[in-house]
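Text of my_file.cif, listed as mmCIF, C-alpha atoms:
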data_model
#
loop_
_atom_site.label_atom_id
_atom_site.label_comp_id
_atom_site.auth_asym_id
_atom_site.auth_seq_id
_atom_site.Cartn_x
_atom_site.Cartn_y
_atom_site.Cartn_z
CA MET J 1 58.78 130.93 114.34
CA ASN J 2 60.05 134.40 115.21
CA ILE J 3 63.79 134.52 114.49
CA VAL J 4 64.31 137.96 116.06
CA LYS J 5 62.64 136.76 119.26
CA SER J 6 64.81 133.60 119.27
CA ILE J 7 68.00 135.61 118.80
CA GLY J 8 66.94 137.95 121.62
CA PHE J 9 66.27 134.97 123.89
CA ILE J 10 69.75 133.54 123.22
CA GLY J 11 71.24 137.01 123.80
CA GLU J 12 69.58 137.22 127.23
CA LYS J 13 69.62 133.66 128.51
CA GLY J 14 72.00 131.71 126.26
CA THR J 15 75.37 130.32 127.24
CA ASN J 16 78.52 132.06 126.08
CA LEU J 17 78.95 129.39 123.39
CA GLU J 18 75.37 129.89 122.10
CA LYS J 19 75.92 133.65 121.99
CA ALA J 20 79.20 133.13 120.14
CA ARG J 21 77.48 130.87 117.59
CA ILE J 22 74.77 133.45 116.91
CA ASN J 23 77.40 136.18 116.59
CA CYS J 24 79.32 134.06 114.05
CA ILE J 25 76.14 133.35 112.06
CA LEU J 26 74.89 136.93 112.04
CA HIS J 27 78.15 138.80 111.63
CA GLY J 28 80.62 136.26 110.29
CA SER J 29 82.99 137.09 113.11
CA ASN J 30 85.10 134.79 115.21
CA PRO J 31 83.73 133.91 118.64
CA ALA J 32 85.09 135.59 121.74
CA GLN J 33 87.92 133.57 123.33
CA ASP J 34 86.12 133.21 126.67
CA ALA J 35 83.11 131.71 124.88
CA VAL J 36 85.08 128.84 123.37
CA LYS J 37 87.79 128.44 126.01
CA GLY J 38 86.22 125.20 127.23
CA LEU J 39 86.22 123.80 123.72
CA TYR J 40 89.88 124.69 123.20
CA GLN J 41 90.75 122.85 126.40
CA LEU J 42 88.82 119.81 125.22
CA GLN J 43 90.27 119.76 121.69
CA ASN J 44 92.86 117.06 120.89
CA GLU J 45 96.29 117.86 119.46
CA ASP J 46 95.17 116.71 116.00
CA GLY J 47 92.45 119.40 115.99
CA GLY J 48 89.58 116.95 116.43
CA PHE J 49 87.32 116.58 119.41
CA PRO J 50 87.42 113.44 121.52
CA PHE J 51 84.77 110.77 121.01
CA GLY J 52 81.91 111.37 123.46
CA MET J 53 83.54 114.72 124.31
CA VAL J 54 85.55 112.89 127.01
CA ILE J 55 89.14 114.10 127.51
CA GLY J 56 91.61 111.38 126.60
CA ASN J 57 89.42 109.66 124.00
CA PRO J 58 90.69 109.61 120.41
CA SER J 59 89.29 112.16 117.97
CA THR J 60 86.08 111.41 116.13
CA ILE J 61 86.16 110.91 112.38
CA ASN J 62 86.18 114.05 110.31
CA GLU J 63 82.51 114.80 109.53
CA ASP J 64 83.27 116.18 106.06
CA LEU J 65 85.16 113.02 105.17
CA VAL J 66 82.19 110.89 106.26
CA ARG J 67 79.81 113.03 104.18
CA TRP J 68 82.00 112.81 101.06
CA LEU J 69 82.25 109.05 101.56
CA GLY J 70 78.45 109.08 101.69
CA VAL J 71 78.24 111.03 98.44
CA ALA J 72 80.54 108.49 96.74
CA LEU J 73 78.60 105.52 98.13
CA SER J 74 75.27 107.07 97.12
CA ALA J 75 76.41 107.88 93.61
CA GLY J 76 77.96 104.46 93.12
CA GLY J 77 74.95 102.70 94.60
CA PHE J 78 72.48 104.62 92.48
CA THR J 79 74.53 103.96 89.36
CA LEU J 80 74.79 100.25 90.11
CA ALA J 81 71.05 99.94 90.79
CA PHE J 82 70.23 101.87 87.60
CA LEU J 83 72.60 99.86 85.40
CA SER J 84 71.33 96.56 86.79
CA GLY J 85 67.75 97.55 85.98
CA ARG J 86 68.80 98.53 82.49
CA ALA J 87 70.65 95.22 81.98
CA LEU J 88 67.59 93.21 83.11
CA GLY J 89 65.20 95.15 80.91
CA ARG J 90 61.76 93.50 80.77
CA GLN J 91 62.94 90.64 82.93
CA TYR J 92 62.97 92.88 85.99
CA SER J 93 60.15 92.12 88.41
CA ALA J 94 59.46 93.07 92.01
CA ASP J 95 58.36 89.46 92.53
CA VAL J 96 60.66 86.45 92.46
CA THR J 97 59.43 84.90 89.22
CA ILE J 98 60.59 83.60 85.87
CA GLN J 99 59.37 85.73 82.98
CA LYS J 100 58.27 84.48 79.57
CA GLU J 101 61.41 83.86 77.46
CA HIS J 102 63.55 84.51 80.56
CA GLN J 103 67.32 84.44 80.02
CA LEU J 104 70.13 84.24 82.55
CA ILE J 105 71.84 87.65 82.43
CA THR J 106 75.60 87.27 82.90
CA SER J 107 76.91 90.39 81.15
CA ASP J 108 77.27 94.09 81.95
CA VAL J 109 77.02 94.70 85.71
CA TYR J 110 75.96 91.05 86.13
CA ARG J 111 79.29 89.79 84.77
CA LEU J 112 80.93 89.47 88.21
CA ILE J 113 78.11 90.20 90.67
CA ARG J 114 74.90 88.14 90.59
CA HIS J 115 72.80 90.70 92.52
CA PRO J 116 74.20 94.16 91.72
CA ARG J 117 70.84 95.86 92.30
CA TYR J 118 70.87 94.84 95.97
CA LEU J 119 74.49 95.92 96.33
CA GLY J 120 73.52 99.26 94.77
CA VAL J 121 70.59 99.78 97.14
CA ILE J 122 72.75 98.88 100.14
CA ALA J 123 75.51 101.28 99.02
CA LEU J 124 72.92 104.00 98.40
CA SER J 125 71.33 103.56 101.83
CA HIS J 126 74.71 103.49 103.58
CA GLY J 127 75.69 106.60 101.62
CA ILE J 128 72.57 108.48 102.68
CA SER J 129 73.27 107.43 106.28
CA CYS J 130 76.79 108.86 106.01
CA ILE J 131 75.62 112.09 104.39
CA SER J 132 73.00 112.67 107.09
CA GLN J 133 75.20 111.05 109.75
CA SER J 134 72.22 109.06 110.92
CA TRP J 135 72.57 105.98 113.11
CA ILE J 136 68.93 105.16 112.37
CA GLY J 137 69.76 105.11 108.66
CA LEU J 138 72.69 102.81 109.32
CA VAL J 139 70.44 100.41 111.25
CA ALA J 140 67.96 100.49 108.36
CA SER J 141 70.81 99.64 105.99
CA VAL J 142 71.67 96.58 108.07
CA ILE J 143 68.00 95.55 107.96
CA PHE J 144 68.18 95.86 104.14
CA ILE J 145 71.14 93.47 104.10
CA VAL J 146 69.31 90.86 106.18
CA SER J 147 66.17 91.08 104.05
CA PHE J 148 68.19 90.97 100.82
CA LEU J 149 70.06 87.85 101.98
CA TYR J 150 66.70 86.11 102.41
CA ARG J 151 65.47 87.30 99.03
CA ILE J 152 68.73 86.28 97.33
CA SER J 153 68.31 82.71 98.53
CA GLU J 154 64.76 82.69 97.10
CA GLU J 155 65.94 84.12 93.78
CA GLU J 156 68.84 81.73 93.43
CA ASP J 157 66.60 78.73 94.20
CA THR J 158 64.15 79.92 91.53
CA LEU J 159 66.93 80.56 89.01
CA HIS J 160 68.51 77.17 89.75
CA LYS J 161 65.24 75.41 88.96
CA GLU J 162 65.08 77.22 85.62
CA PHE J 163 68.74 77.33 84.54
CA GLY J 164 70.42 74.48 86.50
CA LYS J 165 73.97 73.91 85.21
CA ASP J 166 74.16 77.35 83.55
CA LEU J 167 73.53 79.03 86.91
CA GLU J 168 76.03 76.72 88.63
CA MET J 169 78.68 77.66 86.06
CA TYR J 170 77.87 81.38 86.48
CA CYS J 171 78.23 81.02 90.25
CA THR J 172 81.79 79.70 89.85
CA TYR J 173 83.09 83.01 88.50
CA SER J 174 80.72 85.55 90.10
CA TRP J 175 80.06 86.80 93.60
CA CYS J 176 76.64 86.88 95.20
CA PHE J 177 76.51 90.63 95.84
CA ILE J 178 79.63 91.58 97.76
CA PRO J 179 82.87 91.20 95.77
CA TYR J 180 85.24 88.56 97.14
CA VAL J 181 82.48 87.11 99.37
CA ASN J 182 80.54 84.13 98.06
#
Spit out the file's structure as structure tokens when you get a sec.
Amino acid sequence: MNIVKSIGFIGEKGTNLEKARINCILHGSNPAQDAVKGLYQLQNEDGGFPFGMVIGNPSTINEDLVRWLGVALSAGGFTLAFLSGRALGRQYSADVTIQKEHQLITSDVYRLIRHPRYLGVIALSHGISCISQSWIGLVASVIFIVSFLYRISEEEDTLHKEFGKDLEMYCTYSWCFIPYVN
């Protein structure tokens, strides 16, 4: 890719807004008023731009806020997934199975949430979607939720066969994977 050639092309055939963007990037200067006049007319009183760039629509969410929310979700999700793996230790398996000398883990991150690893992965994937502001990532996150719900039912059936009343007791004071939702 030839950057100089691209800049020259925008200088010759670009719109006023494209020229203003290049000028800002190259020289750190503010764009000419005529280049952004249309944007100023479109801008809402709160400083945001209307959803769909249609006059009269409410402002879109602040992109920086969404990205910082994504950072928090990603960090929290990664931490939760890591801590759940550490709490399971050798009992962790990619397959739904009971390990030799398997114990029901009800402490650490498993104290209140029965499937914190799935909650962590979901938070991490939603966070990445927010950081990249990707609708495709958000759809993938929803697919994770659906697949995890299926897997959770398999896991809990398997655990119930092994631990019976102990699992039932644990379920009375813990949430499946979303706090306050059984």
- Item | Between CA of Arg67 (chain J) and CA of Ile131 (chain J) - distance in Å to one decimal |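 These two atoms are separated by 4.3 Å.
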- the PyMOL selection byres ((chain J and resi 79-85) around 10) applied to the shown file, residues as a VMD selection string: chain J and resid 73 to 78 86 to 93 105 108 to 110 114 to 124
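Here CA of Thr106 (chain J) stands at a distance of 16.0 Å from CA of Ile152 (chain J).
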- Message: Give me, as a ChimeraX atom specification, all polymer residues having an atom no more than 10 Å from Val96 (chain J), counting all atoms listed in the file and skipping those fewer than 3 positions away in the same chain.
- Response: /J:92-93,99,151-152,154-159
- Query: Of the candidates J:Ser174, J:Ser147, J:Ser153, J:Ser125, which shows the shortest atom-to-atom distance to Val71 (chain J), using all atoms listed in the file?
  - Reply: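 Counting all atoms listed in the file, the residue closest to Val71 (chain J) is J:Ser125.
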- Grab the CA of Leu26 (chain J) to CA of Gly14 (chain J) distance for me, in Å with one decimal place.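 Value for the CA of Leu26 (chain J)-CA of Gly14 (chain J) distance: 15.4 Å.
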- Message: For a quick check of understanding, using only C-alpha atoms, which of J:Leu104, J:Ile98, J:Cys130, J:Leu167 has the smallest distance to Asp64 (chain J)?
- Response: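 Smallest separation from Asp64 (chain J) among the options: J:Cys130.
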- Task: List the residues selected by the PyMOL selection byres ((chain J and resi 137) around 12) in the file shown, writing them as a ChimeraX atom specification.
- Result: /J:70,122-136,138-144
Export C-alpha atoms of the chosen residues as a PDB file, in the frame of the given file?
ATOM      1  CA  GLY J  70      78.450 109.080 101.690  1.00  0.00           C
ATOM      2  CA  ILE J 122      72.750  98.880 100.140  1.00  0.00           C
ATOM      3  CA  ALA J 123      75.510 101.280  99.020  1.00  0.00           C
ATOM      4  CA  LEU J 124      72.920 104.000  98.400  1.00  0.00           C
ATOM      5  CA  SER J 125      71.330 103.560 101.830  1.00  0.00           C
ATOM      6  CA  HIS J 126      74.710 103.490 103.580  1.00  0.00           C
ATOM      7  CA  GLY J 127      75.690 106.600 101.620  1.00  0.00           C
ATOM      8  CA  ILE J 128      72.570 108.480 102.680  1.00  0.00           C
ATOM      9  CA  SER J 129      73.270 107.430 106.280  1.00  0.00           C
ATOM     10  CA  CYS J 130      76.790 108.860 106.010  1.00  0.00           C
ATOM     11  CA  ILE J 131      75.620 112.090 104.390  1.00  0.00           C
ATOM     12  CA  SER J 132      73.000 112.670 107.090  1.00  0.00           C
ATOM     13  CA  GLN J 133      75.200 111.050 109.750  1.00  0.00           C
ATOM     14  CA  SER J 134      72.220 109.060 110.920  1.00  0.00           C
ATOM     15  CA  TRP J 135      72.570 105.980 113.110  1.00  0.00           C
ATOM     16  CA  ILE J 136      68.930 105.160 112.370  1.00  0.00           C
ATOM     17  CA  LEU J 138      72.690 102.810 109.320  1.00  0.00           C
ATOM     18  CA  VAL J 139      70.440 100.410 111.250  1.00  0.00           C
ATOM     19  CA  ALA J 140      67.960 100.490 108.360  1.00  0.00           C
ATOM     20  CA  SER J 141      70.810  99.640 105.990  1.00  0.00           C
ATOM     21  CA  VAL J 142      71.670  96.580 108.070  1.00  0.00           C
ATOM     22  CA  ILE J 143      68.000  95.550 107.960  1.00  0.00           C
ATOM     23  CA  PHE J 144      68.180  95.860 104.140  1.00  0.00           C
TER      24      PHE J 144
END
For region 90-108 of chain J, what centre and edge lengths in Å (one decimal) does the axis-aligned box get once 8 Å is added on each side of all its listed atoms, as JSON?
{"center_x": 67.8, "center_y": 88.8, "center_z": 85.0, "size_x": 35.0, "size_y": 26.5, "size_z": 31.1}
Starting from the incomplete input, reconstruct N, CA and C atoms of region 106-137 of chain J and write that as a short mmCIF file (atom, residue, chain, number, x, y, z; two decimals), in the coordinates of the input.
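The new file out_8.cif reads:
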data_model
loop_
_atom_site.label_atom_id
_atom_site.label_comp_id
_atom_site.auth_asym_id
_atom_site.auth_seq_id
_atom_site.Cartn_x
_atom_site.Cartn_y
_atom_site.Cartn_z
N THR J 106 74.25 87.44 82.34
CA THR J 106 75.60 87.27 82.90
C THR J 106 76.58 88.29 82.30
N SER J 107 76.05 89.36 81.75
CA SER J 107 76.91 90.39 81.15
C SER J 107 76.66 91.73 81.84
N ASP J 108 77.36 92.73 81.38
CA ASP J 108 77.27 94.09 81.95
C ASP J 108 77.58 94.05 83.45
N VAL J 109 76.75 94.67 84.27
CA VAL J 109 77.02 94.70 85.71
C VAL J 109 76.79 93.33 86.36
N TYR J 110 76.18 92.41 85.63
CA TYR J 110 75.96 91.05 86.13
C TYR J 110 77.13 90.12 85.82
N ARG J 111 78.16 90.63 85.17
CA ARG J 111 79.29 89.79 84.77
C ARG J 111 79.99 89.18 85.98
N LEU J 112 80.21 89.96 87.03
CA LEU J 112 80.93 89.47 88.21
C LEU J 112 80.09 89.43 89.48
N ILE J 113 78.96 90.15 89.48
CA ILE J 113 78.11 90.20 90.67
C ILE J 113 76.71 89.73 90.27
N ARG J 114 76.20 88.71 90.96
CA ARG J 114 74.90 88.14 90.59
C ARG J 114 73.72 89.01 91.01
N HIS J 115 73.90 89.86 92.02
CA HIS J 115 72.80 90.70 92.52
C HIS J 115 73.27 92.15 92.70
N PRO J 116 73.67 92.80 91.59
CA PRO J 116 74.20 94.16 91.72
C PRO J 116 73.15 95.18 92.15
N ARG J 117 71.89 94.92 91.89
CA ARG J 117 70.84 95.86 92.30
C ARG J 117 70.80 95.96 93.82
N TYR J 118 70.89 94.82 94.50
CA TYR J 118 70.87 94.84 95.97
C TYR J 118 72.12 95.53 96.51
N LEU J 119 73.27 95.25 95.91
CA LEU J 119 74.49 95.92 96.33
C LEU J 119 74.35 97.43 96.14
N GLY J 120 73.74 97.84 95.03
CA GLY J 120 73.52 99.26 94.77
C GLY J 120 72.61 99.92 95.80
N VAL J 121 71.52 99.23 96.15
CA VAL J 121 70.59 99.78 97.14
C VAL J 121 71.25 99.87 98.51
N ILE J 122 72.05 98.86 98.85
CA ILE J 122 72.75 98.88 100.14
C ILE J 122 73.78 100.02 100.17
N ALA J 123 74.54 100.18 99.09
CA ALA J 123 75.51 101.28 99.02
C ALA J 123 74.81 102.62 99.09
N LEU J 124 73.69 102.75 98.38
CA LEU J 124 72.92 104.00 98.40
C LEU J 124 72.41 104.30 99.80
N SER J 125 71.86 103.30 100.49
CA SER J 125 71.33 103.56 101.83
C SER J 125 72.44 103.86 102.83
N HIS J 126 73.57 103.17 102.72
CA HIS J 126 74.71 103.49 103.58
C HIS J 126 75.22 104.90 103.28
N GLY J 127 75.24 105.26 102.00
CA GLY J 127 75.69 106.60 101.62
C GLY J 127 74.81 107.69 102.20
N ILE J 128 73.51 107.50 102.11
CA ILE J 128 72.57 108.48 102.68
C ILE J 128 72.76 108.57 104.19
N SER J 129 73.01 107.43 104.83
CA SER J 129 73.27 107.43 106.28
C SER J 129 74.52 108.23 106.61
N CYS J 130 75.56 108.10 105.78
CA CYS J 130 76.79 108.86 106.01
C CYS J 130 76.59 110.35 105.76
N ILE J 131 75.86 110.68 104.70
CA ILE J 131 75.62 112.09 104.39
C ILE J 131 74.86 112.75 105.53
N SER J 132 73.82 112.08 106.01
CA SER J 132 73.00 112.67 107.09
C SER J 132 73.56 112.34 108.47
N GLN J 133 74.59 111.52 108.51
CA GLN J 133 75.20 111.05 109.75
C GLN J 133 74.14 110.55 110.72
N SER J 134 73.36 109.61 110.19
CA SER J 134 72.22 109.06 110.92
C SER J 134 72.46 107.61 111.32
N TRP J 135 72.45 107.36 112.63
CA TRP J 135 72.57 105.98 113.11
C TRP J 135 71.32 105.19 112.74
N ILE J 136 70.18 105.83 112.73
CA ILE J 136 68.93 105.16 112.37
C ILE J 136 69.02 104.67 110.92
N GLY J 137 69.57 105.51 110.05
CA GLY J 137 69.76 105.11 108.66
C GLY J 137 70.71 103.93 108.53
#
